[in-house]
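Enquirer: Following this line is structure19.tsv, made up of TSV, C-alpha atoms:
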```tsv
chain	number	residue	atom	x	y	z
A	1446	MET	CA	3.58	-2.72	-14.50
A	1447	LEU	CA	5.70	-3.68	-11.50
A	1448	ALA	CA	4.93	-6.98	-9.82
A	1449	LYS	CA	2.83	-6.63	-6.68
A	1450	ARG	CA	4.39	-7.18	-3.27
A	1451	ILE	CA	3.04	-9.03	-0.23
A	1452	ILE	CA	4.26	-7.58	3.07
A	1453	PRO	CA	3.53	-9.15	6.47
A	1454	CYS	CA	3.38	-6.53	9.22
A	1455	LEU	CA	4.74	-6.88	12.73
A	1456	ASP	CA	3.11	-4.36	15.07
A	1457	VAL	CA	5.41	-4.41	18.09
A	1458	LYS	CA	4.64	-3.34	21.67
A	1459	GLU	CA	6.95	-3.98	24.61
A	1460	GLY	CA	9.07	-6.25	22.44
A	1461	LYS	CA	6.25	-8.54	21.28
A	1462	VAL	CA	4.15	-8.67	18.13
A	1463	VAL	CA	0.57	-7.60	18.89
A	1464	LYS	CA	-2.69	-7.29	16.96
A	1465	GLY	CA	-5.78	-5.23	17.64
A	1466	ILE	CA	-8.92	-3.83	16.04
A	1467	ASN	CA	-9.18	-0.16	15.00
A	1468	PHE	CA	-5.83	0.44	16.80
A	1469	LYS	CA	-7.29	-0.83	20.12
A	1470	GLY	CA	-7.59	-4.04	22.16
A	1471	LEU	CA	-4.04	-5.24	21.46
A	1472	LYS	CA	-3.25	-8.92	21.99
A	1473	GLU	CA	0.19	-10.51	22.02
A	1474	VAL	CA	0.76	-12.93	19.15
A	1475	GLY	CA	4.49	-13.68	18.99
A	1476	ASP	CA	8.20	-12.86	18.83
A	1477	PRO	CA	9.37	-10.43	16.10
A	1478	PRO	CA	12.57	-12.21	14.94
A	1479	THR	CA	10.89	-15.62	14.87
A	1480	MET	CA	7.84	-14.41	12.96
A	1481	ALA	CA	9.89	-12.36	10.49
A	1482	ALA	CA	12.05	-15.38	9.65
A	1483	GLU	CA	8.96	-17.56	9.17
A	1484	TYR	CA	7.34	-15.06	6.81
A	1485	GLU	CA	10.51	-14.75	4.77
A	1486	ALA	CA	10.56	-18.54	4.45
A	1487	GLN	CA	6.98	-18.40	3.18
A	1488	GLY	CA	8.00	-16.00	0.41
A	1489	ALA	CA	7.32	-12.54	1.84
A	1490	ASP	CA	8.72	-9.76	-0.36
A	1491	GLU	CA	9.38	-7.49	2.59
A	1492	ILE	CA	8.72	-7.27	6.32
A	1493	THR	CA	7.39	-4.18	8.08
A	1494	PHE	CA	8.24	-3.68	11.77
A	1495	LEU	CA	6.27	-0.94	13.52
A	1496	ASP	CA	7.00	0.00	17.14
A	1497	ILE	CA	3.45	1.21	17.57
A	1498	THR	CA	3.74	2.98	20.95
A	1499	ALA	CA	7.13	4.69	20.47
A	1500	SER	CA	5.72	8.06	19.39
A	1501	LEU	CA	2.98	8.03	22.04
A	1502	GLU	CA	5.57	7.19	24.72
A	1503	THR	CA	8.03	9.75	23.28
A	1504	ARG	CA	10.88	7.29	22.93
A	1505	GLN	CA	13.06	5.81	20.21
A	1506	THR	CA	12.38	2.58	18.37
A	1507	MET	CA	13.52	-0.60	20.14
A	1508	LEU	CA	16.72	-0.93	18.15
A	1509	ASP	CA	17.92	-4.08	19.90
A	1510	ILE	CA	14.83	-5.92	18.68
A	1511	VAL	CA	15.25	-4.40	15.22
A	1512	THR	CA	18.82	-5.76	15.14
A	1513	ARG	CA	17.68	-9.24	16.19
A	1514	THR	CA	14.88	-9.18	13.63
A	1515	ALA	CA	17.13	-8.00	10.81
A	1516	SER	CA	20.08	-10.28	11.57
A	1517	ASN	CA	18.63	-13.34	9.86
A	1518	LEU	CA	16.56	-11.61	7.17
A	1519	PHE	CA	17.48	-11.31	3.50
A	1520	VAL	CA	14.33	-9.53	2.32
A	1521	PRO	CA	13.98	-5.78	2.92
A	1522	LEU	CA	12.93	-4.67	6.40
A	1523	THR	CA	11.01	-1.43	6.94
A	1524	VAL	CA	11.12	-0.05	10.47
A	1525	GLY	CA	8.88	2.64	11.94
A	1526	GLY	CA	7.80	4.10	15.25
A	1527	GLY	CA	9.46	6.92	17.16
A	1528	ILE	CA	11.50	8.18	14.20
A	1529	ARG	CA	11.87	11.92	14.80
A	1530	SER	CA	15.10	12.95	13.07
A	1531	VAL	CA	17.79	12.10	10.55
A	1532	THR	CA	19.79	10.68	13.45
A	1533	ASP	CA	16.93	8.35	14.42
A	1534	MET	CA	16.68	7.18	10.83
A	1535	ARG	CA	20.43	6.58	10.64
A	1536	ASP	CA	20.26	4.56	13.87
A	1537	ALA	CA	17.45	2.40	12.45
A	1538	LEU	CA	19.34	1.81	9.20
A	1539	ASN	CA	22.49	0.94	11.15
A	1540	ALA	CA	20.44	-1.51	13.21
A	1541	GLY	CA	19.52	-3.38	10.02
A	1542	ALA	CA	16.54	-1.58	8.50
A	1543	ASP	CA	16.50	-1.14	4.72
A	1544	LYS	CA	13.75	1.49	4.80
A	1545	VAL	CA	12.44	3.69	7.58
A	1546	SER	CA	8.86	4.80	8.12
A	1547	VAL	CA	8.03	8.23	9.52
A	1548	ASN	CA	4.57	9.34	10.57
A	1549	SER	CA	3.94	11.60	13.56
A	1550	ALA	CA	7.25	13.48	13.32
A	1551	ALA	CA	6.76	14.16	9.62
A	1552	VAL	CA	3.34	15.67	10.25
A	1553	LYS	CA	4.79	17.88	13.00
A	1554	ASP	CA	7.82	18.89	10.90
A	1555	PRO	CA	7.49	17.96	7.22
A	1556	SER	CA	11.08	19.02	6.51
A	1557	ILE	CA	12.25	15.73	8.05
A	1558	ILE	CA	11.07	13.96	4.89
A	1559	GLY	CA	13.38	15.92	2.62
A	1560	GLU	CA	16.26	15.81	5.10
A	1561	CYS	CA	16.06	12.02	5.33
A	1562	ALA	CA	15.68	11.63	1.57
A	1563	GLU	CA	18.72	13.83	0.98
A	1564	SER	CA	20.79	11.93	3.53
A	1565	PHE	CA	19.87	8.36	2.61
A	1566	GLY	CA	17.99	8.45	-0.71
A	1567	ARG	CA	14.25	8.68	-1.13
A	1568	GLN	CA	14.05	4.90	-1.64
A	1569	CYS	CA	14.73	4.60	2.12
A	1570	VAL	CA	11.98	7.00	3.18
A	1571	VAL	CA	8.48	5.64	3.76
A	1572	VAL	CA	5.83	8.08	4.95
A	1573	ALA	CA	3.16	6.27	6.94
A	1574	ILE	CA	-0.32	7.77	6.88
A	1575	ASP	CA	-2.96	6.65	9.38
A	1576	ALA	CA	-6.24	7.96	7.99
A	1577	LYS	CA	-9.80	7.96	9.27
A	1578	ARG	CA	-12.94	9.16	7.56
A	1579	VAL	CA	-14.22	12.36	9.13
A	1580	GLY	CA	-17.28	13.78	7.38
A	1581	ASP	CA	-16.67	13.89	3.65
A	1582	HIS	CA	-12.89	13.37	3.72
A	1583	TRP	CA	-10.12	11.32	5.32
A	1584	GLU	CA	-8.15	12.92	8.14
A	1585	VAL	CA	-4.56	12.14	9.12
A	1586	PHE	CA	-4.09	10.85	12.69
A	1587	THR	CA	-0.80	10.60	14.56
A	1588	HIS	CA	0.68	9.08	17.74
A	1589	GLY	CA	-0.66	5.59	17.13
A	1590	GLY	CA	-3.99	6.87	15.87
A	1591	THR	CA	-4.75	8.86	19.04
A	1592	ARG	CA	-4.47	12.42	17.74
A	1593	GLY	CA	-6.43	14.02	14.93
A	1594	THR	CA	-4.56	16.62	12.90
A	1595	GLY	CA	-7.21	18.23	10.71
A	1596	ILE	CA	-4.97	17.42	7.72
A	1597	ASP	CA	-6.56	15.90	4.61
A	1598	ALA	CA	-4.95	12.51	3.93
A	1599	ILE	CA	-4.94	12.80	0.13
A	1600	GLU	CA	-3.34	16.25	0.25
A	1601	TRP	CA	-0.78	15.01	2.78
A	1602	ALA	CA	0.15	12.05	0.56
A	1603	GLN	CA	0.75	14.44	-2.34
A	1604	ARG	CA	2.86	16.74	-0.18
A	1605	ALA	CA	4.88	13.83	1.23
A	1606	GLN	CA	5.68	12.75	-2.31
A	1607	ASP	CA	6.73	16.27	-3.27
A	1608	LEU	CA	8.96	16.53	-0.20
A	1609	GLY	CA	10.88	13.36	-1.04
A	1610	ALA	CA	9.00	10.30	0.19
A	1611	GLY	CA	9.81	7.18	-1.81
A	1612	GLU	CA	6.73	5.28	-0.72
A	1613	ILE	CA	3.46	5.71	1.18
A	1614	LEU	CA	2.28	3.23	3.80
A	1615	LEU	CA	-1.45	3.93	3.90
A	1616	THR	CA	-3.46	2.52	6.80
A	1617	SER	CA	-7.20	2.93	7.11
A	1618	MET	CA	-8.09	3.26	10.79
A	1619	ASP	CA	-11.70	2.48	9.91
A	1620	THR	CA	-10.90	-0.97	8.54
A	1621	ASP	CA	-7.81	-1.86	10.63
A	1622	GLY	CA	-8.12	-5.31	12.18
A	1623	VAL	CA	-11.80	-5.65	11.23
A	1624	LYS	CA	-10.91	-8.18	8.50
A	1625	ASN	CA	-13.68	-7.06	6.14
A	1626	GLY	CA	-11.30	-5.88	3.44
A	1627	TYR	CA	-9.09	-2.92	2.66
A	1628	ASP	CA	-10.52	0.58	2.41
A	1629	ILE	CA	-10.88	0.63	-1.37
A	1630	PRO	CA	-12.18	4.22	-1.69
A	1631	LEU	CA	-9.33	5.62	0.45
A	1632	THR	CA	-6.67	3.56	-1.31
A	1633	SER	CA	-7.99	4.53	-4.74
A	1634	ALA	CA	-8.16	8.20	-3.80
A	1635	VAL	CA	-4.49	8.21	-2.76
A	1636	THR	CA	-3.10	6.04	-5.56
A	1637	ASP	CA	-4.90	8.19	-8.12
A	1638	GLU	CA	-3.08	11.29	-6.88
A	1639	VAL	CA	0.52	10.09	-6.33
A	1640	SER	CA	3.03	8.36	-8.58
A	1641	ILE	CA	5.18	6.75	-5.88
A	1642	PRO	CA	4.30	3.24	-4.63
A	1643	VAL	CA	1.47	2.95	-2.12
A	1644	ILE	CA	1.24	0.07	0.35
A	1645	ALA	CA	-2.37	-0.70	1.25
A	1646	SER	CA	-2.88	-1.49	4.93
A	1647	GLY	CA	-5.77	-2.14	7.28
A	1648	GLY	CA	-8.58	-4.66	7.03
A	1649	CYS	CA	-7.22	-7.70	5.24
A	1650	GLY	CA	-9.15	-10.80	6.27
A	1651	SER	CA	-8.66	-13.10	3.29
A	1652	MET	CA	-6.75	-13.71	0.09
A	1653	GLU	CA	-9.74	-12.31	-1.79
A	1654	HIS	CA	-9.27	-8.97	-0.07
A	1655	ILE	CA	-5.70	-8.75	-1.37
A	1656	TYR	CA	-6.93	-9.50	-4.89
A	1657	ASP	CA	-9.62	-6.83	-4.48
A	1658	VAL	CA	-7.18	-4.09	-3.48
A	1659	PHE	CA	-4.86	-4.94	-6.38
A	1660	SER	CA	-7.63	-5.21	-8.96
A	1661	GLN	CA	-9.60	-2.15	-7.84
A	1662	THR	CA	-6.86	0.32	-6.88
A	1663	GLY	CA	-3.35	1.30	-7.91
A	1664	ALA	CA	-1.75	-0.14	-4.76
A	1665	SER	CA	1.75	-1.50	-5.37
A	1666	ALA	CA	1.81	-3.70	-2.29
A	1667	ALA	CA	-0.56	-5.19	0.26
A	1668	LEU	CA	0.32	-5.27	3.92
A	1669	ALA	CA	-1.38	-7.86	6.10
A	1670	ALA	CA	-1.10	-9.16	9.63
A	1671	SER	CA	-4.01	-11.18	11.03
A	1672	ILE	CA	-4.31	-13.70	8.19
A	1673	PHE	CA	-0.64	-14.58	8.57
A	1674	HIS	CA	-0.33	-14.29	12.35
A	1675	TYR	CA	-3.26	-16.65	12.95
A	1676	GLY	CA	-2.25	-19.16	10.29
A	1677	GLU	CA	-5.26	-18.60	8.06
A	1678	CYS	CA	-3.00	-18.73	5.01
A	1679	THR	CA	0.67	-18.46	4.12
A	1680	VAL	CA	2.36	-15.86	1.94
A	1681	ALA	CA	3.03	-18.59	-0.62
A	1682	GLU	CA	-0.66	-19.49	-0.76
A	1683	VAL	CA	-1.61	-15.84	-1.26
A	1684	LYS	CA	0.86	-15.48	-4.12
A	1685	GLN	CA	-0.36	-18.63	-5.85
A	1686	TYR	CA	-3.96	-17.46	-5.49
A	1687	LEU	CA	-3.07	-14.10	-7.04
A	1688	ARG	CA	-1.18	-15.73	-9.91
A	1689	ASP	CA	-4.20	-17.91	-10.61
A	1690	LYS	CA	-6.30	-14.72	-10.79
A	1691	GLY	CA	-3.86	-13.15	-13.26
A	1692	VAL	CA	-2.08	-10.81	-10.88
A	1693	GLU	CA	1.69	-10.53	-11.38
A	1694	VAL	CA	3.49	-11.01	-8.06
A	1695	ARG	CA	7.14	-11.30	-7.20
```
What do you get writing this file as structure tokens?
Expert:
Amino acid sequence: MLAKRIIPCLDVKEGKVVKGINFKGLKEVGDPPTMAAEYEAQGADEITFLDITASLETRQTMLDIVTRTASNLFVPLTVGGGIRSVTDMRDALNAGADKVSVNSAAVKDPSIIGECAESFGRQCVVVAIDAKRVGDHWEVFTHGGTRGTGIDAIEWAQRAQDLGAGEILLTSMDTDGVKNGYDIPLTSAVTDEVSIPVIASGGCGSMEHIYDVFSQTGASAALAASIFHYGECTVAEVKQYLRDKGVEVR
């Protein structure tokens, strides 16, 4: 089994890292390049940079900030937000991203997944899925969680894999920012149906929650924000805790 990854997430709005609850009530918490460098120093395996209002505002990702963030990083950087074409993905990769996350544009035109995978390799293509429980299933939402699509999240994850996605970034809108733990049922449902790596996202409030998602689901990586942004623990402390619990980490 591959070693598990710990990935701090930088949700970026207007050039600053922000944090909210259930995709709302965003508060500024810091500077992307500074925070990325600090998390790398703590032992982060990767950094995820999401320009969270780019799709809603119909604009490209803030590439100047991506370049500044990437310039001093040696761990992989995933960039998402406002990616609508192969050209946008190329621009993000040229700005310093190692992987690029697509969400809203891929739902609108799924062919972008295969086009990007063919152009840059599927290892560069991350399909982000923002899912919310609606009735007896999980529905895919786009444009920063503001638009329901009627698409079943598990079926969409399977289709994204078939189209060429190298990885799934799975965020539960129900647990996002609440800090009560990851959405175990959602994460299990997706990891049971796909063979590509799945990054669990949304709801991490403690080191125990990261252990729970690794021990109870097939997640390959855990993405977290609040616990790192507010200094509740470091990446190194999380990794030592997981090792002590018998989880293999990088």
Enquirer: Mind giving me the straight-line distance from atom CA of Phe1494 of chain A to atom CA of His1654 of chain A in Å, one decimal?
Expert: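 Between atom CA of Phe1494 of chain A and atom CA of His1654 of chain A the gap works out to 21.8 Å.
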Enquirer: Determine, counting only C-alpha atoms, every residue of protein, DNA or RNA that lies within 12 Å of (8.1, -13.4, 5.5) in the file coordinates, then give the result as a PyMOL selection string.
Expert: chain A and resi 1450-1455+1477-1494+1514-1515+1517-1522+1668-1670+1673-1674+1679-1681
Enquirer: Set the distance at 7 Å and use only C-alpha atoms: which residues neighbour Asp1456 of chain A once local chain neighbours fewer than 5 positions away are removed? I'd like the list as a list in words.
Expert: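 Those residues are Val1462, Val1463, Lys1464, Phe1494, Leu1495, Asp1496 and Ile1497 of chain A.
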Enquirer: Neighbours of segment 1633-1635 of chain A within 9 Å (all atoms listed in the file; same-chain residues fewer than 4 positions away dropped), as JSON, numbers by chain?
Expert: {"A": [1598, 1599, 1600, 1602, 1603, 1615, 1628, 1629, 1639, 1643, 1658, 1661, 1662, 1663, 1664]}
Enquirer: Taking 3 positions as the minimum chain separation for residues in the same chain, which residues sit within 12 Å of Thr1506 of chain A when counting all atoms listed in the file? Answer as a compact mmCIF listing (two decimals) with C-alpha atoms, in the frame of the given file.
Expert:
```txt
# COMPACT_ATOMS: atom_id res chain seq x y z
CA VAL A 1457 5.41 -4.41 18.09
CA LYS A 1458 4.64 -3.34 21.67
CA GLU A 1459 6.95 -3.98 24.61
CA GLY A 1460 9.07 -6.25 22.44
CA PHE A 1494 8.24 -3.68 11.77
CA LEU A 1495 6.27 -0.94 13.52
CA ASP A 1496 7.00 0.00 17.14
CA ILE A 1497 3.45 1.21 17.57
CA THR A 1498 3.74 2.98 20.95
CA ALA A 1499 7.13 4.69 20.47
CA SER A 1500 5.72 8.06 19.39
CA LEU A 1501 2.98 8.03 22.04
CA GLU A 1502 5.57 7.19 24.72
CA THR A 1503 8.03 9.75 23.28
CA ASP A 1509 17.92 -4.08 19.90
CA ILE A 1510 14.83 -5.92 18.68
CA VAL A 1511 15.25 -4.40 15.22
CA THR A 1512 18.82 -5.76 15.14
CA VAL A 1524 11.12 -0.05 10.47
CA GLY A 1525 8.88 2.64 11.94
CA GLY A 1526 7.80 4.10 15.25
CA GLY A 1527 9.46 6.92 17.16
CA ILE A 1528 11.50 8.18 14.20
CA ARG A 1529 11.87 11.92 14.80
CA SER A 1530 15.10 12.95 13.07
CA ASP A 1533 16.93 8.35 14.42
CA MET A 1534 16.68 7.18 10.83
CA ARG A 1535 20.43 6.58 10.64
CA ASP A 1536 20.26 4.56 13.87
CA ALA A 1537 17.45 2.40 12.45
CA LEU A 1538 19.34 1.81 9.20
CA ALA A 1540 20.44 -1.51 13.21
CA ALA A 1542 16.54 -1.58 8.50
CA VAL A 1545 12.44 3.69 7.58
CA SER A 1546 8.86 4.80 8.12
CA VAL A 1547 8.03 8.23 9.52
```
Enquirer: Can you tell me which residues surround Cys1649 of chain A at a distance of at most 8 Å, considering only C-alpha atoms, apart from same-chain residues fewer than 4 positions away, and format the answer as a list in words?
Expert: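 Counting only C-alpha atoms, the residues come to Asp1621, Gly1622, Val1623, Lys1624, Asn1625, Gly1626, Tyr1627, His1654, Ile1655, Ala1669, Ala1670, Ser1671 and Ile1672 of chain A.
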Enquirer: Work out how far apart atom CA of Lys1684 of chain A and atom CA of Lys1449 of chain A are and give it in Å to one decimal.
Expert: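 Atom CA of Lys1449 of chain A lies at a distance of 9.4 Å from atom CA of Lys1684 of chain A.
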Enquirer: Show me the residues close to (4.1, 6.1, -10.7) - anything with an atom within 12 Å, counting only C-alpha atoms - and format the list as a list in words.
Expert: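 Applying the cut-off with only C-alpha atoms, one gets Met1446, Leu1447, Gln1606, Gly1611, Glu1612, Ile1613, Val1635, Thr1636, Asp1637, Glu1638, Val1639, Ser1640, Ile1641, Pro1642, Val1643, Gly1663, Ala1664 and Ser1665 of chain A.
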Enquirer: What's the 8 Å shell around segment 1558-1562 of chain A, counting all atoms listed in the file, without same-chain residues fewer than 5 positions away, as JSON, numbers by chain?
Expert: {"A": [1530, 1531, 1534, 1547, 1551, 1567, 1568, 1569, 1570, 1572, 1605, 1608, 1609, 1610]}
Enquirer: Return the single residue from A:Thr1620, A:Ile1644, A:Thr1591, A:Ser1516 that is closest to Val1571 of chain A, with distances computed using only C-alpha atoms.
Expert: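 Once distances to Val1571 of chain A are computed over only C-alpha atoms, the minimum belongs to A:Ile1644.
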Enquirer: As an exercise, work out the distance from atom CA of Asn1539 of chain A to atom CA of Leu1614 of chain A in Å and give it to one decimal place.
Expert: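 Interatomic distance, atom CA of Asn1539 of chain A to atom CA of Leu1614 of chain A: 21.6 Å.
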